[in-house]
Amino acid sequence: KAVSEVQALHRFFKTMSQDEERACYGMPFVSFAAEQGAVQELLVVDTLYRTPNLSQRKAMVELEQSVKNIGGKVWVLSSNHVSGQQLSGMTGIAATLRFGIPSLDEQVDRSQMFDADADTSDDEEKDSPYP
C-alpha cells in the first residue's frame with residue numbers, strides 16, 4: 001500500500017512539473033477542481049481527517065466522496081511516512097487532474113481560503129491544516 005501511495009505522490013509531482021494546469025494543491029484549489037469533475041487522483045494526509053474542527057472533517061469526507069463518485073482514486077497518506085510528510089509540507093492535500101484548468105488560481109475565489117477557519121477559535125486556527 002505504501003508503495004502505491006508513494007507512486008501516486010510521484011505522479012503528482014511529475015504532473016506538476018510537466019503540466020502545472022493538471023495538478024493542484026491546497027483545499028480551495030482541490031475543492032474547485034473537484035467541483036469541475038477534474039480530479040483523477042486525490043492525495044490527502046491522514047491528519048486532515050483527525051482535525052478537531054468538525055466542519056473541516058466533514059468537508060474532507062464530502063470531498064473524498066465527490067472524487068470517488070466521478071471515478072477518481074483517493075489516496076490517504078500516513079503522516080508517519082515520508083510521503084505523508086512531504087504532502088503535509090504542501091498543505092496536506094493535492095490532486096492530479098483529468099484535464100487542465102487554466103489559471104486555476106485566478107478562478108478560485110480567494111475568500112474561500114479563509115472561510116474554512118471563520119468559525120473556529122484562535123487555537124484551532126493555529127492548528128488548521130488549511131492555508
# chains A, B, ... in the order shown; residues from 1 in each chain; ligands from 1

$ residues_around --residues "A:Leu48" --least-positions-apart "3" --cutoff "10 Å" --atoms "only C-alpha atoms" --output "number ranges by chain"
A: 44-45, 51-53, 56-57, 59-61, 76, 79, 88, 91-93, 128-130

$ write_last_selection --atoms "all heavy atoms" --output "tab-separated table (two decimals), in the first residue's frame"
chain	number	residue	atom	x	y	z
A	44	VAL	N	-4.37	12.91	0.18
A	44	VAL	CA	-4.69	13.58	1.44
A	44	VAL	C	-3.85	12.98	2.55
A	44	VAL	O	-3.73	11.76	2.64
A	44	VAL	CB	-6.18	13.40	1.79
A	44	VAL	CG1	-6.53	14.13	3.07
A	44	VAL	CG2	-7.08	13.83	0.66
A	45	VAL	N	-3.27	13.81	3.38
A	45	VAL	CA	-2.54	13.31	4.54
A	45	VAL	C	-3.57	12.97	5.63
A	45	VAL	O	-4.58	13.67	5.80
A	45	VAL	CB	-1.47	14.30	5.02
A	45	VAL	CG1	-2.08	15.53	5.66
A	45	VAL	CG2	-0.49	13.64	5.95
A	51	THR	N	-8.56	16.32	12.37
A	51	THR	CA	-8.59	17.68	12.89
A	51	THR	C	-9.73	17.82	13.91
A	51	THR	O	-10.78	17.18	13.76
A	51	THR	CB	-8.76	18.70	11.75
A	51	THR	OG1	-8.83	20.01	12.31
A	51	THR	CG2	-10.02	18.46	10.94
A	52	PRO	N	-9.55	18.63	14.95
A	52	PRO	CA	-10.62	18.81	15.92
A	52	PRO	C	-11.81	19.60	15.37
A	52	PRO	O	-12.88	19.60	15.96
A	52	PRO	CB	-9.95	19.59	17.06
A	52	PRO	CG	-8.72	20.19	16.48
A	52	PRO	CD	-8.32	19.33	15.32
A	53	ASN	N	-11.64	20.23	14.22
A	53	ASN	CA	-12.71	21.03	13.63
A	53	ASN	C	-13.65	20.12	12.85
A	53	ASN	O	-13.29	19.59	11.79
A	53	ASN	CB	-12.11	22.10	12.72
A	53	ASN	CG	-13.16	23.03	12.17
A	53	ASN	OD1	-14.11	22.59	11.54
A	53	ASN	ND2	-12.98	24.32	12.38
A	56	GLN	N	-14.34	20.94	9.13
A	56	GLN	CA	-13.24	20.59	8.23
A	56	GLN	C	-13.20	19.08	7.96
A	56	GLN	O	-12.95	18.66	6.83
A	56	GLN	CB	-11.90	21.07	8.80
A	56	GLN	CG	-11.78	22.57	8.75
A	56	GLN	CD	-10.50	23.08	9.40
A	56	GLN	OE1	-9.76	22.33	10.03
A	56	GLN	NE2	-10.25	24.37	9.26
A	57	ARG	N	-13.46	18.28	9.00
A	57	ARG	CA	-13.52	16.82	8.79
A	57	ARG	C	-14.65	16.46	7.85
A	57	ARG	O	-14.50	15.63	6.96
A	57	ARG	CB	-13.69	16.10	10.13
A	57	ARG	CG	-12.43	16.05	10.97
A	57	ARG	CD	-12.50	14.99	12.06
A	57	ARG	NE	-13.75	14.92	12.78
A	57	ARG	CZ	-13.97	15.42	14.00
A	57	ARG	NH1	-13.01	16.08	14.62
A	57	ARG	NH2	-15.14	15.27	14.58
A	59	ALA	N	-15.95	18.37	5.55
A	59	ALA	CA	-15.56	18.80	4.21
A	59	ALA	C	-14.63	17.79	3.55
A	59	ALA	O	-14.74	17.53	2.35
A	59	ALA	CB	-14.90	20.18	4.27
A	60	MET	N	-13.72	17.21	4.34
A	60	MET	CA	-12.80	16.20	3.79
A	60	MET	C	-13.56	14.97	3.33
A	60	MET	O	-13.30	14.44	2.25
A	60	MET	CB	-11.75	15.80	4.84
A	60	MET	CG	-10.72	16.86	5.13
A	60	MET	SD	-9.86	17.45	3.65
A	60	MET	CE	-9.35	15.92	2.91
A	61	VAL	N	-14.49	14.50	4.13
A	61	VAL	CA	-15.28	13.32	3.78
A	61	VAL	C	-16.12	13.59	2.53
A	61	VAL	O	-16.19	12.76	1.62
A	61	VAL	CB	-16.15	12.87	4.97
A	61	VAL	CG1	-17.14	11.78	4.55
A	61	VAL	CG2	-15.27	12.39	6.12
A	76	VAL	N	-4.95	8.15	0.93
A	76	VAL	CA	-4.75	8.75	2.24
A	76	VAL	C	-3.35	8.35	2.69
A	76	VAL	O	-3.08	7.17	2.93
A	76	VAL	CB	-5.82	8.29	3.25
A	76	VAL	CG1	-5.57	8.93	4.61
A	76	VAL	CG2	-7.22	8.64	2.74
A	79	SER	N	0.87	10.28	7.91
A	79	SER	CA	1.74	11.37	8.35
A	79	SER	C	3.03	10.85	8.96
A	79	SER	O	3.98	11.60	9.17
A	79	SER	CB	1.00	12.26	9.35
A	79	SER	OG	0.54	11.48	10.44
A	88	SER	N	2.25	16.91	3.70
A	88	SER	CA	1.92	17.84	4.78
A	88	SER	C	2.60	19.18	4.56
A	88	SER	O	2.04	20.23	4.87
A	88	SER	CB	2.36	17.28	6.13
A	88	SER	OG	1.53	16.21	6.50
A	91	THR	N	0.41	21.72	2.28
A	91	THR	CA	-0.96	21.92	2.75
A	91	THR	C	-1.67	20.62	3.14
A	91	THR	O	-2.75	20.67	3.68
A	91	THR	CB	-1.87	22.69	1.76
A	91	THR	OG1	-2.21	21.85	0.66
A	91	THR	CG2	-1.23	23.97	1.28
A	92	GLY	N	-1.12	19.47	2.82
A	92	GLY	CA	-1.73	18.21	3.20
A	92	GLY	C	-2.72	17.65	2.21
A	92	GLY	O	-3.26	16.57	2.39
A	93	ILE	N	-2.98	18.38	1.14
A	93	ILE	CA	-3.95	17.91	0.14
A	93	ILE	C	-3.50	18.35	-1.25
A	93	ILE	O	-3.06	19.47	-1.45
A	93	ILE	CB	-5.37	18.44	0.46
A	93	ILE	CG1	-6.40	17.82	-0.48
A	93	ILE	CG2	-5.43	19.95	0.46
A	93	ILE	CD1	-7.84	18.01	-0.03
A	128	SER	N	-4.87	24.65	12.15
A	128	SER	CA	-5.58	24.35	10.92
A	128	SER	C	-4.61	23.93	9.81
A	128	SER	O	-3.59	24.55	9.60
A	128	SER	CB	-6.35	25.59	10.43
A	128	SER	OG	-6.92	25.33	9.17
A	129	PRO	N	-4.96	22.83	9.10
A	129	PRO	CA	-4.09	22.39	8.00
A	129	PRO	C	-4.33	23.18	6.73
A	129	PRO	O	-3.65	22.98	5.75
A	129	PRO	CB	-4.52	20.93	7.82
A	129	PRO	CG	-5.95	20.92	8.26
A	129	PRO	CD	-6.04	21.92	9.38
A	130	TYR	N	-5.30	24.08	6.75
A	130	TYR	CA	-5.62	24.83	5.54
A	130	TYR	C	-4.90	26.18	5.55
A	130	TYR	O	-4.78	26.80	6.58
A	130	TYR	CB	-7.13	25.06	5.42
A	130	TYR	CG	-7.91	23.77	5.45
A	130	TYR	CD1	-8.79	23.50	6.47
A	130	TYR	CD2	-7.70	22.82	4.47
A	130	TYR	CE1	-9.49	22.31	6.50
A	130	TYR	CE2	-8.38	21.62	4.51
A	130	TYR	CZ	-9.28	21.37	5.50
A	130	TYR	OH	-9.94	20.19	5.53

$ select_by_dssp --residues "chain A" --states "strand (DSSP E or B)" --output "ChimeraX atom specification"
/A:23-25,39-45,73-77,93-97

$ closest_atom_pairs --of "stretch 14-47 of chain A" --to "stretch 96-101 of chain A" --cutoff "9 Å" --atoms "only C-alpha atoms" --output "CSV"
residue,atom,partner,partner_atom,distance
A:Thr15,CA,A:Thr96,CA,7.1
A:Met16,CA,A:Thr96,CA,8.1
A:Asp19,CA,A:Gly100,CA,7.9
A:Glu20,CA,A:Gly100,CA,7.9
A:Glu21,CA,A:Gly100,CA,4.5
A:Arg22,CA,A:Gly100,CA,4.3
A:Ala23,CA,A:Thr96,CA,4.6
A:Cys24,CA,A:Thr96,CA,6.8
A:Tyr25,CA,A:Thr96,CA,8.9
A:Ala33,CA,A:Leu97,CA,7.6
A:Ala34,CA,A:Leu97,CA,8.8
A:Gly37,CA,A:Arg98,CA,8.3
A:Ala38,CA,A:Leu97,CA,5.2
A:Val39,CA,A:Leu97,CA,4.5
A:Gln40,CA,A:Leu97,CA,5.0
A:Glu41,CA,A:Thr96,CA,5.1
A:Leu42,CA,A:Thr96,CA,6.7
A:Leu43,CA,A:Thr96,CA,8.4

$ residues_around --residues "A:Val3" --least-positions-apart "5" --cutoff "12 Å" --atoms "only C-alpha atoms" --output "list in words"
Ala8, Leu9, His10, Trp75, Leu77, Ser78, His81, Val82 and Ser83 of chain A

$ select_by_dssp --residues "stretch 26-119 of chain A" --states "helix (DSSP H, G or I)" --output "number ranges by chain"
A: 27-35, 46-49, 54-69, 82-88, 104-107, 112-115

$ atom_distance --atom1 "atom CA of A:Arg11" --atom2 "atom CA of A:Glu64"
18.8 Å

$ closest_residue --among "A:Phe29, A:Arg50, A:Gln85, A:Lys58" --to "A:Pro102" --atoms "only C-alpha atoms"
A:Phe29
